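J.: Take this structure first; my questions come after.
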Amino acid sequence: MKILKNLVFIAVFGLLATQANGQGSKGADNSRDGSPDAKGTATAKNIVPLKVTVVFTEYDGEKKLSSLPYALFVKADENARFVGRVRMGVKVPIWTGGKDAGVQYQDIGSNLDCSVEAAENGKYIVDLSLERSSVYPSSGGKSDYPEASKSDDQPRQPLLRAFRANLALMLRDGQTEQNTIATDPLNGHVIKIEVTLNVVK
């Protein structure tokens, strides 16, 4: 009888020791790697800093008339969408006739919005929204917009040219894409857009 009691005591003690060791090992693993349990949702962010360079170039046939570069510093973030923006321009005075004649100011310049999303095989999807407005050049080659004039004058009114485009490009680090985007319907000038993507290291 005494031998039977000893065997029961040994079996119960061994079971308790096994459970204690299992709980201790589990707690040690969690404290070692700092990761949440199976119910946790925290993940490390994968953020890539990028530079997107956009160049507006205007051609008259083979002759380059102007080249306007813009740089946007953005990021490819798997957990949030970031939009980089550039606003650059001037206010041009425009004479308004009629009963309440006066001068109004029109914004002329460039607006760029850009977001980038990481794709497979080291590629990135570049979404661009572009707006560019300018005063139409006169036959003399100079920008033709009126200064403030008297109410009884009939000032020359400028032509304002507007360009808008939404682009989606697939680019690698260091890659440049150039495309003919539009042709001016009045003078036949060609507008080309050049986009370059670089990972900032």
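Ordered as shown in the structure tokens, chains take letters A, B, and onward, while each chain numbers its residues from 1 and ligands are numbered from 1 in the order shown.
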Applying 9 Å and only C-alpha atoms, which residues near Val86 of chain A remain after dropping the ones on its own chain fewer than 4 positions away? List them as a list of chain:residue names.
T.: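 Listing them by chain and then by number gives A:Tyr70, A:Ala71, A:Leu72, A:Ser110, A:Asn111, A:Leu112, A:Asp113, A:Cys114.
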J.: Write to file, as a PDB file, in the first residue's frame, the residues of the selection just made, with N, CA and C atoms.
T.:
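Output file result-v2.pdb is given in full below:
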```
ATOM      1  N   TYR A  70      10.524  69.511 -62.619  1.00  0.00           N
ATOM      2  CA  TYR A  70       9.970  69.539 -61.266  1.00  0.00           C
ATOM      3  C   TYR A  70      10.373  68.239 -60.575  1.00  0.00           C
ATOM      4  N   ALA A  71      10.662  68.310 -59.270  1.00  0.00           N
ATOM      5  CA  ALA A  71      11.039  67.134 -58.491  1.00  0.00           C
ATOM      6  C   ALA A  71      10.067  66.962 -57.326  1.00  0.00           C
ATOM      7  N   LEU A  72       9.582  65.743 -57.147  1.00  0.00           N
ATOM      8  CA  LEU A  72       8.706  65.414 -56.034  1.00  0.00           C
ATOM      9  C   LEU A  72       9.349  64.301 -55.215  1.00  0.00           C
ATOM     10  N   SER A 110       2.029  75.581 -62.893  1.00  0.00           N
ATOM     11  CA  SER A 110       2.005  74.115 -62.937  1.00  0.00           C
ATOM     12  C   SER A 110       1.557  73.548 -61.601  1.00  0.00           C
ATOM     13  N   ASN A 111       0.705  72.519 -61.670  1.00  0.00           N
ATOM     14  CA  ASN A 111       0.256  71.764 -60.499  1.00  0.00           C
ATOM     15  C   ASN A 111       0.548  70.293 -60.743  1.00  0.00           C
ATOM     16  N   LEU A 112       1.245  69.659 -59.793  1.00  0.00           N
ATOM     17  CA  LEU A 112       1.586  68.252 -59.938  1.00  0.00           C
ATOM     18  C   LEU A 112       1.221  67.503 -58.661  1.00  0.00           C
ATOM     19  N   ASP A 113       0.536  66.373 -58.813  1.00  0.00           N
ATOM     20  CA  ASP A 113       0.238  65.455 -57.713  1.00  0.00           C
ATOM     21  C   ASP A 113       0.791  64.082 -58.091  1.00  0.00           C
ATOM     22  N   CYS A 114       1.460  63.432 -57.143  1.00  0.00           N
ATOM     23  CA  CYS A 114       2.111  62.157 -57.454  1.00  0.00           C
ATOM     24  C   CYS A 114       2.017  61.208 -56.273  1.00  0.00           C
TER      25      CYS A 114
END
```
J.: Hey, what's within 12 Å of Gly188 of chain A if we count only C-alpha atoms and toss same-chain stuff fewer than 2 positions away? As a PyMOL selection string, please?
T.: chain A and resi 58-62+182-186+190-191
J.: Take the residues from that selection and put them in a file with C-alpha atoms, as a tab-separated table (two decimals), in the first residue's frame.
T.:
```tsv
chain	number	residue	atom	x	y	z
A	58	GLU	CA	7.73	72.00	-75.66
A	59	TYR	CA	8.90	71.50	-79.26
A	60	ASP	CA	8.29	73.37	-82.48
A	61	GLY	CA	9.13	70.60	-84.93
A	62	GLU	CA	12.63	69.50	-83.93
A	182	ALA	CA	-0.36	66.58	-76.58
A	183	THR	CA	-0.16	68.82	-79.64
A	184	ASP	CA	-1.23	72.47	-79.51
A	185	PRO	CA	-4.20	72.86	-81.89
A	186	LEU	CA	-3.29	76.43	-82.85
A	190	VAL	CA	4.27	69.34	-79.24
A	191	ILE	CA	4.26	68.86	-75.46
```
J.: Ranking A:Arg132, A:Lys75, A:Lys99, A:Arg85 by minimum distance to Ala118 of chain A and counting only C-alpha atoms, which one comes first?
T.: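 Checking each of A:Arg132, A:Lys75, A:Lys99, A:Arg85 against Ala118 of chain A, counting only C-alpha atoms, the winner is A:Lys75.
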